[in-house]
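As stored in entry.txt (compact mmCIF, C-alpha atoms):
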# COMPACT_ATOMS: atom_id res chain seq x y z
CA MET W 1 -93.27 -36.63 -74.73
CA THR W 2 -92.30 -38.58 -71.62
CA ILE W 3 -89.33 -40.06 -73.44
CA LEU W 4 -88.32 -36.69 -74.80
CA SER W 5 -88.34 -35.09 -71.36
CA ALA W 6 -86.40 -38.06 -69.98
CA VAL W 7 -83.70 -37.57 -72.63
CA ALA W 8 -83.57 -33.80 -72.05
CA LEU W 9 -83.54 -33.94 -68.24
CA GLY W 10 -81.21 -36.95 -68.03
CA GLY W 11 -78.82 -35.24 -70.43
CA LEU W 12 -78.98 -32.03 -68.44
CA PHE W 13 -78.30 -33.97 -65.25
CA GLY W 14 -75.22 -35.65 -66.77
CA PHE W 15 -74.02 -32.27 -68.02
CA ALA W 16 -74.46 -30.75 -64.54
CA LEU W 17 -72.66 -33.67 -62.86
CA TYR W 18 -69.69 -33.18 -65.19
CA LYS W 19 -69.69 -29.40 -64.88
CA SER W 20 -69.86 -29.41 -61.09
CA GLY W 21 -66.95 -31.84 -60.92
CA ALA W 22 -69.06 -34.51 -59.21
CA SER W 23 -68.23 -37.12 -61.86
CA ASP W 24 -64.51 -36.84 -61.01
CA PRO W 25 -63.60 -39.56 -58.46
CA LYS W 26 -60.42 -37.70 -57.56
CA LYS W 27 -62.38 -34.69 -56.32
CA LEU W 28 -64.91 -36.88 -54.53
CA LEU W 29 -62.16 -38.82 -52.74
CA ALA W 30 -60.34 -35.62 -51.76
CA ALA W 31 -63.61 -34.41 -50.25
CA LEU W 32 -64.23 -37.66 -48.38
CA ARG W 33 -60.67 -37.54 -47.02
CA LEU W 34 -61.62 -34.03 -45.79
CA GLU W 35 -58.58 -32.68 -47.63
CA ASP W 36 -60.51 -30.61 -50.15
CA LEU W 37 -64.14 -29.97 -49.32
CA THR W 38 -64.77 -27.95 -52.49
CA LEU W 39 -67.03 -30.55 -54.05
CA MET W 40 -68.98 -31.13 -50.82
CA LYS W 41 -69.54 -27.39 -50.54
CA THR W 42 -70.74 -27.29 -54.14
CA ILE W 43 -73.18 -30.16 -53.57
CA LEU W 44 -74.46 -28.84 -50.24
CA PHE W 45 -74.99 -25.40 -51.76
CA GLY W 46 -76.79 -27.03 -54.69
CA ILE W 47 -79.13 -28.92 -52.35
CA GLY W 48 -79.88 -25.72 -50.43
CA PHE W 49 -80.51 -23.83 -53.66
CA ALA W 50 -82.85 -26.58 -54.91
CA SER W 51 -84.80 -26.40 -51.62
CA ILE W 52 -85.12 -22.64 -51.97
CA LEU W 53 -86.42 -22.96 -55.55
CA LEU W 54 -88.80 -25.73 -54.52
CA SER W 55 -90.26 -23.81 -51.57
CA LEU W 56 -90.50 -20.49 -53.41
CA SER W 57 -92.27 -22.08 -56.37
CA SER W 58 -94.67 -23.81 -53.96
CA LEU W 59 -95.32 -20.66 -51.96
CA ILE W 60 -96.40 -18.84 -55.13
CA GLY W 61 -98.50 -21.84 -56.12
CA LEU W 62 -96.57 -23.01 -59.16
CA PHE W 63 -95.28 -26.33 -57.85
CA ASP W 64 -97.44 -29.44 -58.22
CA ILE W 65 -97.22 -31.05 -54.77
CA SER W 66 -98.06 -34.49 -56.21
CA HIS W 67 -94.56 -34.47 -57.73
CA LEU W 68 -93.03 -34.76 -54.27
CA SER W 69 -91.58 -38.17 -53.60
CA ILE W 70 -90.50 -39.06 -50.09
CA LYS W 71 -88.73 -42.29 -49.21
CA THR W 72 -89.48 -44.43 -46.17
CA THR W 73 -87.21 -44.13 -43.16
CA ASN W 74 -86.27 -47.54 -41.74
CA LEU W 75 -83.28 -49.59 -40.59
CA GLY W 76 -82.52 -50.49 -44.22
CA VAL W 77 -81.65 -46.83 -44.87
CA ILE W 78 -79.00 -46.93 -42.12
CA ILE W 79 -77.45 -50.33 -42.93
CA GLY W 80 -77.71 -49.69 -46.68
CA GLY W 81 -76.17 -46.25 -46.18
CA LEU W 82 -73.22 -47.75 -44.30
CA ILE W 83 -72.62 -50.36 -47.05
CA PHE W 84 -73.01 -47.61 -49.66
CA GLY W 85 -70.49 -45.50 -47.73
CA ILE W 86 -67.84 -48.23 -47.87
CA GLY W 87 -68.19 -48.38 -51.65
CA PHE W 88 -68.34 -44.59 -51.88
CA GLY W 89 -65.14 -44.16 -49.86
CA ALA W 90 -63.32 -46.93 -51.72
CA ALA W 91 -64.29 -45.97 -55.27
CA GLY W 92 -65.00 -42.24 -55.05
CA THR W 93 -68.05 -42.54 -57.22
CA CYS W 94 -71.76 -43.10 -56.73
CA PRO W 95 -74.49 -44.57 -58.93
CA GLY W 96 -75.25 -41.31 -60.75
CA THR W 97 -71.69 -40.12 -61.17
CA CYS W 98 -70.33 -43.46 -62.43
CA VAL W 99 -73.03 -43.49 -65.10
CA ALA W 100 -72.04 -39.91 -66.00
CA ALA W 101 -68.36 -40.89 -66.08
CA THR W 102 -69.04 -43.55 -68.74
CA GLY W 103 -69.58 -40.57 -71.05
CA SER W 104 -66.62 -38.45 -70.00
CA ASP W 105 -63.24 -39.34 -68.56
CA GLY W 106 -62.03 -42.44 -66.75
CA ILE W 107 -64.38 -44.47 -68.92
CA LYS W 108 -62.93 -47.94 -68.29
CA LYS W 109 -63.10 -47.59 -64.54
CA ALA W 110 -66.57 -46.10 -64.78
CA ILE W 111 -67.67 -49.14 -66.77
CA SER W 112 -66.10 -51.41 -64.14
CA ALA W 113 -68.08 -49.58 -61.46
CA VAL W 114 -71.31 -49.77 -63.47
CA THR W 115 -70.79 -53.51 -64.07
CA GLY W 116 -70.11 -54.05 -60.35
CA GLY W 117 -73.21 -51.99 -59.64
CA LEU W 118 -75.39 -54.14 -61.89
CA LEU W 119 -74.17 -57.23 -60.09
CA GLY W 120 -74.67 -55.55 -56.70
CA ALA W 121 -78.22 -54.54 -57.58
CA PHE W 122 -78.93 -58.04 -58.88
CA THR W 123 -77.54 -59.64 -55.72
CA PHE W 124 -79.81 -57.38 -53.69
CA SER W 125 -82.83 -58.34 -55.82
CA LEU W 126 -82.12 -61.99 -55.00
CA SER W 127 -81.61 -61.35 -51.28
CA TYR W 128 -84.45 -58.86 -50.76
CA GLY W 129 -86.90 -61.56 -49.63
CA TRP W 130 -84.46 -62.76 -46.99
CA PHE W 131 -83.82 -59.25 -45.63
CA ASN W 132 -87.53 -58.55 -45.68
CA ASN W 133 -88.30 -61.70 -43.66
CA LEU W 134 -85.57 -60.66 -41.27
CA GLY W 135 -87.56 -57.46 -40.62
CA LEU W 136 -84.91 -55.06 -41.89
CA PHE W 137 -87.47 -52.78 -43.51
CA ASP W 138 -89.94 -52.92 -40.60
CA ALA W 139 -87.40 -52.06 -37.91
CA MET W 140 -87.29 -48.35 -37.02
CA ASN W 141 -89.93 -47.72 -39.66
CA LEU W 142 -91.03 -44.09 -39.42
CA GLY W 143 -92.89 -44.09 -42.73
CA LYS W 144 -92.35 -41.39 -45.34
CA LEU W 145 -91.39 -38.85 -42.74
CA THR W 146 -90.53 -35.24 -43.70
CA LEU W 147 -89.13 -32.45 -41.54
CA PHE W 148 -91.90 -30.04 -42.55
CA ASN W 149 -95.54 -30.66 -43.41
CA LEU W 150 -95.38 -30.21 -47.18
CA SER W 151 -98.28 -32.47 -48.07
CA GLU W 152 -100.99 -34.39 -46.29
CA SER W 153 -99.57 -37.60 -47.77
CA PHE W 154 -96.53 -37.55 -45.50
CA PRO W 155 -96.12 -37.44 -41.72
CA SER W 156 -93.91 -34.58 -40.55
CA VAL W 157 -91.92 -33.34 -37.59
CA ILE W 158 -92.37 -29.56 -37.67
CA ASN W 159 -95.47 -27.61 -38.67
CA LEU W 160 -93.81 -24.98 -40.82
CA GLY W 161 -94.69 -26.23 -44.30
CA PHE W 162 -92.78 -24.73 -47.22
CA ASP W 163 -91.67 -21.77 -45.04
CA GLY W 164 -89.70 -24.31 -43.03
CA LEU W 165 -88.22 -25.81 -46.19
CA LEU W 166 -87.23 -22.33 -47.36
CA ILE W 167 -85.45 -21.66 -44.06
CA MET W 168 -83.74 -25.05 -44.30
CA GLY W 169 -82.57 -24.25 -47.84
CA VAL W 170 -81.13 -20.91 -46.75
CA LEU W 171 -79.38 -22.56 -43.79
CA LEU W 172 -77.89 -25.32 -45.96
CA SER W 173 -76.59 -22.79 -48.49
CA ALA W 174 -75.14 -20.65 -45.70
CA ALA W 175 -73.50 -23.71 -44.14
CA ALA W 176 -72.01 -24.63 -47.53
CA TYR W 177 -70.70 -21.09 -47.94
CA MET W 178 -69.12 -21.02 -44.48
CA LEU W 179 -67.59 -24.49 -44.46
CA PRO W 180 -63.80 -24.35 -44.67
CA ASP W 181 -62.16 -25.58 -47.88
CA ARG W 182 -60.36 -28.29 -45.98
CA LEU W 183 -60.46 -29.87 -42.56
CA VAL W 184 -57.28 -31.89 -42.87
CA LYS W 185 -53.93 -31.09 -44.45
CA ALA W 186 -53.55 -33.08 -47.65
CA GLN W 187 -50.13 -34.54 -46.89
CA TYR W 188 -50.55 -37.82 -48.70
CA ALA W 189 -52.24 -36.38 -51.75
CA GLU W 190 -49.51 -33.75 -52.16
CA GLN W 191 -46.82 -36.38 -51.96
CA SER W 192 -48.46 -38.50 -54.60
CA GLN W 193 -48.89 -35.59 -56.98
CA LYS W 194 -45.16 -34.93 -57.07
CA HIS W 195 -44.62 -38.20 -58.94
CA MET U 1 -59.77 -18.41 -57.25
CA ASN U 2 -62.42 -20.28 -59.17
CA ASN U 3 -65.20 -19.34 -56.75
CA TRP U 4 -67.51 -18.25 -59.54
CA LYS U 5 -66.98 -21.51 -61.40
CA ARG U 6 -67.76 -23.39 -58.22
CA LEU U 7 -70.91 -21.37 -57.57
CA LYS U 8 -72.04 -21.88 -61.16
CA GLY U 9 -71.65 -25.65 -60.74
CA ALA U 10 -73.69 -25.58 -57.52
CA LEU U 11 -76.44 -23.41 -59.02
CA LEU U 12 -76.61 -25.58 -62.15
CA LEU U 13 -76.81 -28.82 -60.14
CA GLY U 14 -79.43 -27.40 -57.78
CA ALA U 15 -81.47 -26.01 -60.67
CA VAL U 16 -81.46 -29.36 -62.49
CA PHE U 17 -82.72 -31.22 -59.40
CA PHE U 18 -85.45 -28.61 -58.98
CA ILE U 19 -86.46 -28.54 -62.67
CA ALA U 20 -86.74 -32.35 -62.80
CA ALA U 21 -88.97 -32.34 -59.68
CA PHE U 22 -90.96 -29.39 -61.02
CA LEU U 23 -91.62 -30.90 -64.44
CA VAL U 24 -91.78 -34.63 -63.74
CA LYS U 25 -90.49 -36.04 -60.46
CA PRO U 26 -87.42 -35.90 -58.19
CA ILE U 27 -84.26 -37.41 -59.70
CA GLY U 28 -83.25 -40.95 -58.74
CA VAL U 29 -80.72 -43.26 -60.34
CA SER U 30 -80.06 -46.44 -58.41
CA THR U 31 -83.44 -48.16 -59.02
CA GLN U 32 -82.54 -48.31 -62.70
CA PHE U 33 -79.59 -50.56 -61.90
CA SER U 34 -82.13 -53.06 -60.54
CA VAL U 35 -84.19 -52.60 -63.70
CA ALA U 36 -81.18 -53.10 -66.02
CA ALA U 37 -80.03 -56.18 -64.09
CA GLY U 38 -83.63 -57.41 -64.08
CA ILE U 39 -83.86 -57.08 -67.87
CA ILE U 40 -80.88 -59.43 -68.19
CA HIS U 41 -82.28 -61.69 -65.47
CA SER U 42 -85.69 -62.05 -67.09
CA ALA U 43 -84.09 -62.61 -70.51
CA LEU U 44 -82.10 -65.53 -69.11
CA ASP U 45 -84.98 -66.81 -67.01
CA PRO U 46 -88.25 -65.88 -68.76
CA ASP U 47 -90.33 -67.44 -65.98
CA VAL U 48 -89.23 -64.98 -63.33
CA ILE U 49 -91.72 -62.31 -64.46
CA GLN U 50 -95.18 -63.28 -65.71
CA PRO U 51 -98.12 -61.20 -66.92
CA ASP U 52 -100.91 -60.93 -64.36
CA GLU U 53 -104.13 -59.29 -65.52
CA THR U 54 -105.53 -59.01 -62.01
CA ARG U 55 -102.89 -56.48 -61.06
CA GLU U 56 -102.81 -52.80 -61.88
CA THR U 57 -99.21 -53.06 -63.10
CA GLY U 58 -100.07 -56.18 -65.14
CA TYR U 59 -97.14 -58.23 -63.86
CA ARG U 60 -96.13 -60.53 -61.05
CA SER U 61 -92.81 -62.12 -60.25
CA THR U 62 -91.44 -65.07 -58.33
CA ASN U 63 -88.73 -62.69 -57.14
CA ALA U 64 -89.93 -60.84 -54.04
CA TYR U 65 -88.14 -57.62 -54.99
CA TYR U 66 -89.55 -57.39 -58.53
CA ASP U 67 -92.95 -58.31 -57.06
CA LYS U 68 -92.85 -55.60 -54.38
CA SER U 69 -95.42 -52.76 -54.53
CA ASP U 70 -97.76 -54.74 -56.77
CA GLY U 71 -95.04 -55.67 -59.24
CA LYS U 72 -93.85 -52.13 -59.92
CA LEU U 73 -90.30 -53.19 -60.72
CA ALA U 74 -91.51 -56.18 -62.76
CA LYS U 75 -93.46 -53.76 -64.93
CA ALA U 76 -90.44 -51.47 -65.37
CA ILE U 77 -88.28 -54.45 -66.34
CA LYS U 78 -90.80 -55.55 -68.96
CA ASN U 79 -91.34 -51.99 -70.24
CA PRO U 80 -87.93 -50.32 -70.07
CA LEU U 81 -88.91 -47.47 -72.40
CA ASN U 82 -90.16 -45.42 -69.48
CA TYR U 83 -89.14 -42.05 -68.08
CA ASP U 84 -86.89 -43.30 -65.27
CA PHE U 85 -84.86 -45.73 -67.38
CA ILE U 86 -84.37 -43.39 -70.34
CA PHE U 87 -83.41 -40.61 -67.93
CA VAL U 88 -80.49 -42.68 -66.64
CA LEU U 89 -79.47 -43.80 -70.14
CA ALA U 90 -79.30 -40.13 -71.18
CA ILE U 91 -76.91 -39.16 -68.37
CA PRO U 92 -73.67 -40.22 -70.13
CA PHE U 93 -74.60 -38.22 -73.24
CA GLY U 94 -75.01 -35.04 -71.20
CA ALA U 95 -71.70 -35.72 -69.46
CA LEU U 96 -70.09 -36.31 -72.86
CA ALA U 97 -71.40 -32.96 -74.09
CA GLY U 98 -69.93 -31.28 -71.02
CA TYR U 99 -66.64 -33.09 -71.57
CA LEU U 100 -66.39 -32.12 -75.24
CA LEU U 101 -67.23 -28.49 -74.49
CA ASP U 102 -64.66 -28.30 -71.69
CA LYS U 103 -61.71 -26.12 -72.68
CA HIS U 104 -59.61 -27.26 -69.73
CA ARG U 105 -60.19 -30.89 -70.56
CA LYS U 106 -56.63 -31.85 -71.45
CA ARG U 107 -55.09 -30.65 -68.24
CA LYS U 108 -57.87 -32.20 -66.24
CA THR U 109 -57.64 -35.58 -67.92
CA GLU U 110 -53.96 -35.86 -67.17
CA ALA U 111 -54.49 -35.20 -63.50
CA ASN U 112 -57.52 -37.42 -63.35
CA THR U 113 -56.34 -40.94 -62.92
CA THR U 114 -59.07 -42.37 -60.89
CA PHE U 115 -57.86 -44.89 -58.39
CA ASN U 116 -54.21 -43.91 -58.16
CA THR U 117 -53.26 -47.54 -58.55
CA ASP U 118 -52.03 -47.03 -62.08
CA ILE U 119 -50.08 -43.78 -61.52
CA ASN U 120 -47.69 -45.91 -59.58
CA VAL U 121 -46.57 -48.04 -62.48
CA PRO U 122 -43.15 -47.05 -63.92
CA ASP U 123 -43.08 -46.30 -67.63
CA ASN U 124 -40.86 -49.22 -68.51
CA VAL U 125 -43.38 -51.70 -67.17
CA SER U 126 -45.69 -52.51 -69.99
CA ALA U 127 -49.44 -52.64 -69.61
CA VAL U 128 -49.21 -56.42 -69.66
CA LYS U 129 -47.48 -56.34 -66.30
CA VAL U 130 -50.31 -54.40 -64.68
CA PRO U 131 -52.78 -57.01 -63.65
CA PHE U 132 -56.12 -56.23 -65.23
CA VAL U 133 -57.76 -57.26 -61.99
CA ARG U 134 -55.76 -54.85 -59.83
CA ASN U 135 -56.58 -52.01 -62.16
CA TYR U 136 -60.32 -52.47 -62.32
CA LEU U 137 -61.29 -54.63 -59.34
CA PRO U 138 -61.49 -51.73 -56.83
CA ALA U 139 -63.99 -49.91 -59.06
CA PHE U 140 -65.95 -53.11 -59.61
CA ILE U 141 -66.16 -53.93 -55.88
CA GLY U 142 -66.91 -50.30 -55.08
CA GLY U 143 -69.75 -50.34 -57.61
CA PHE U 144 -71.07 -53.61 -56.17
CA LEU U 145 -71.21 -52.21 -52.63
CA LEU U 146 -72.68 -48.90 -53.81
CA LEU U 147 -75.63 -50.50 -55.54
CA PHE U 148 -76.19 -53.25 -52.99
CA GLY U 149 -76.30 -50.58 -50.27
CA ALA U 150 -78.35 -48.16 -52.34
CA ARG U 151 -81.01 -50.75 -53.10
CA MET U 152 -81.17 -51.74 -49.43
CA ALA U 153 -81.58 -48.09 -48.47
CA ASP U 154 -83.99 -47.59 -51.41
CA GLY U 155 -81.99 -44.73 -52.86
CA CYS U 156 -78.55 -43.32 -53.53
CA THR U 157 -76.78 -40.00 -53.50
CA SER U 158 -79.24 -38.61 -56.04
CA GLY U 159 -82.48 -39.99 -54.67
CA HIS U 160 -81.84 -39.88 -50.93
CA MET U 161 -79.19 -37.27 -50.43
CA PHE U 162 -79.96 -34.66 -53.06
CA SER U 163 -83.63 -35.13 -53.94
CA GLY U 164 -84.46 -36.33 -50.41
CA ILE U 165 -82.81 -33.53 -48.45
CA MET U 166 -84.07 -31.00 -50.99
CA GLN U 167 -87.61 -32.00 -49.94
CA GLY U 168 -86.72 -32.12 -46.24
CA SER U 169 -87.08 -35.90 -46.12
CA VAL U 170 -85.83 -37.41 -42.85
CA SER U 171 -84.61 -40.51 -44.72
CA GLY U 172 -82.27 -38.31 -46.78
CA PHE U 173 -80.57 -36.89 -43.70
CA ILE U 174 -80.26 -40.34 -42.09
CA PHE U 175 -78.86 -41.84 -45.30
CA ALA U 176 -76.31 -39.01 -45.61
CA ALA U 177 -75.19 -39.48 -42.00
CA ALA U 178 -74.74 -43.24 -42.45
CA VAL U 179 -72.89 -42.80 -45.76
CA PHE U 180 -70.36 -40.29 -44.43
CA LEU U 181 -69.88 -42.27 -41.23
CA ALA U 182 -68.56 -45.13 -43.37
CA ALA U 183 -67.12 -43.27 -46.36
CA ILE U 184 -64.82 -40.82 -44.55
CA PRO U 185 -62.78 -43.43 -42.62
CA VAL U 186 -62.68 -45.73 -45.67
CA ALA U 187 -61.51 -42.93 -47.99
CA ARG U 188 -58.89 -41.80 -45.50
CA TYR U 189 -57.61 -45.32 -44.91
CA VAL U 190 -57.57 -46.26 -48.59
CA GLY U 191 -55.84 -42.97 -49.46
CA ARG U 192 -53.15 -43.53 -46.87
CA TYR U 193 -52.64 -47.12 -47.95
CA ILE U 194 -52.14 -46.09 -51.57
CA ALA U 195 -49.87 -43.16 -50.66
CA GLU U 196 -47.67 -45.28 -48.41
CA ARG U 197 -47.33 -48.01 -50.97
CA LYS U 198 -46.31 -45.40 -53.51
CA VAL U 199 -43.72 -43.74 -51.28
CA GLY U 200 -42.31 -46.99 -49.90

Could the structure of this file be written out as structure tokens, please?
Amino acid sequence: MTILSAVALGGLFGFALYKSGASDPKKLLAALRLEDLTLMKTILFGIGFASILLSLSSLIGLFDISHLSIKTTNLGVIIGGLIFGIGFGAAGTCPGTCVAATGSDGIKKAISAVTGGLLGAFTFSLSYGWFNNLGLFDAMNLGKLTLFNLSESFPSVINLGFDGLLIMGVLLSAAAYMLPDRLVKAQYAEQSQKH
Amino acid sequence: MNNWKRLKGALLLGAVFFIAAFLVKPIGVSTQFSVAAGIIHSALDPDVIQPDETRETGYRSTNAYYDKSDGKLAKAIKNPLNYDFIFVLAIPFGALAGYLLDKHRKRKTEANTTFNTDINVPDNVSAVKVPFVRNYLPAFIGGFLLLFGARMADGCTSGHMFSGIMQGSVSGFIFAAAVFLAAIPVARYVGRYIAERKVG
């Protein structure tokens, strides 16, 4: 049963990544260059929509709160995020989308990215002890902090519970809707497409 | 305009993240790269992960990362037929289904040459002249940095940014801020570099 749901949900996720255009590095790079924010708007709207579904299902008592999974906030999130960002900006893919792309188009490059990723993850496994001794994961440690008090398991900033999450979801969707399609004129991209 | 198509993509993606959290748990991908690499690691070096009956997970490791949280990762490496690992293995099949069902595929594939480096090559230069390394190294290095960073941050775009922000997790917002702070200048610089080399 567990395996079956993993196959179904993982497959659905890959399908959604392809359908939303997220597995296309060209679209991701255009978004990161701020030349075509379409994909960022799609993703931001999707996050907002997911928050709305999550809070509504909780407010009517259907959502099992033990399914929530919050990650620890610490310095590792910031430094790791910056390193991740360099790879993200250079390759225009991320761990989920490069796995998805191994099943659709740009397969060879997706496999290169996955292979690099395996080596990157392995290198981190070997260096984790060193970073840990350095105190990277203790510095700025705020625990599993959430914006709203969704569950007693996690510390929170604002006492609004799932109402707060619902408001956040609506605001994120609205922000996604109102964001302009581009912030910067795509001069370089247009030149290159004429070839 | 393809506004409706865009909205459909957003609603589908959001719904999938919600359904996964509703039925099982929030989606995450990058941990499974550590698991996959760990499977190879422990095959080459069988001593790195050992059974340990005194622990709830049943495993301990000489590697501090596999050993973390009572050997949680060590257990996943030794028992890869679990929800999280199979979930990630199923992703390409779903993407393949989407690809095969896509009517606009042909047009899209032609325009979709990932890293621009190979668009540049004139037709009369055979594939032999394109260094294999130049073609695939950027993706490889990009992938390396992505997963090294994601493991340090304990999550990636799926786990931190999408699943995290969806739950109002502070770590998700901080991760997103750090990622875009680095990714936007890098993407703009790399894009300009490639475009200038092409024009010049």

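With distances taken over only C-alpha atoms, W:Thr102 is the one residue among W:Leu68, W:Thr102, W:Phe124, W:Gly87 lying closest to U:Phe93.
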
Practice task
With a distance cut-off of 9 Å and all atoms listed in the file, select the neighbouring residues of stretch 154-164 of chain U, excluding the residue or stretch itself and same-chain residues fewer than 3 positions from it, and output the selection as a PyMOL selection string.
Solution key: (chain W and resi 43-44+46-47+50+69-72+76-77+80-81+84+94-96) or (chain U and resi 14+17-18+21+26-31+146-147+149-151+167-176)

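Closest to W:Gly116 among U:Ile141, U:Ile86, U:Ile91, U:Val16 is U:Ile141, based on only C-alpha atoms.
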
Problem - Contact residues around U:Lys8 with only C-alpha atoms at 12 Å, ignoring same-chain residues under 6 positions, as a PyMOL selection string - result: (chain W and resi 16-17+19-21+42-43+45-46+49) or (chain U and resi 2+14-15)

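Taking atom CA of W:Pro180 as the reference point, atom CA of W:Leu147 is found at 26.8 Å.
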
Once 4 Å is added on each side, what centre and edge lengths in Å to one decimal does the axis-aligned box around all listed atoms of stretch 3-21 of chain W have, as lines of an AutoDock Vina configuration file?
center_x = -78.1
center_y = -34.7
center_z = -67.9
size_x = 30.4
size_y = 18.7
size_z = 21.9

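The coordinates place atom CA of U:Gly142 at 11.6 Å from atom CA of U:Ala187.
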
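Atom CA of W:Leu4 is positioned 22.3 Å from atom CA of W:Ser104.
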
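When the distance limit is 10 Å and all atoms listed in the file are what count, the residues near stretch 45-51 of chain U, minus those fewer than 4 positions from it on the same chain, are Gly38, Ile39, Ile40, His41, Arg55, Thr57, Gly58, Tyr59, Arg60, Ser61, Thr62, Asn63, Tyr66, Asp67, Gly71, Leu73, Ala74, Lys75, Ile77 and Lys78 of chain U.
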
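Residue nearest W:Val7, chosen from U:Phe85, U:Tyr136, U:Phe33, U:Phe148 and counting only C-alpha atoms: U:Phe85.
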
Handout entry: All residues 12 Å or closer to W:Asp163, all atoms listed in the file, same chain fewer than 2 positions away omitted, as a list in words
Key = Ser51, Ile52, Leu53, Leu54, Ser55, Leu56, Ser57, Ser58, Leu59, Ile60, Leu147, Phe148, Asn149, Leu150, Ile158, Asn159, Leu160, Gly161, Leu165, Leu166, Ile167, Met168, Gly169 and Val170 of chain W; Gly168 of chain U

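Distance annotation: of W:Leu183, W:Ile3, W:Ala110, W:Leu32, the residue with the minimal separation from W:Ile86 is W:Leu32; atom set is all atoms listed in the file.
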
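Minimum atom-to-atom distances from U:Lys25, U:His104, U:Lys72, U:Lys5 to chain W were compared using only C-alpha atoms, and the lowest value belongs to U:Lys25.
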
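In terms of minimum interatomic distance to W:Ala101, U:Tyr99 ranks closest within U:Tyr99, U:Leu23, U:Trp4, U:Ala76, counting only C-alpha atoms.
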
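Within 6 Å of W:Ser125, once all atoms listed in the file are used and residues closer than 3 positions along the same chain are dropped, the contacting residues are Phe122 and Tyr128 of chain W; Tyr65 of chain U.
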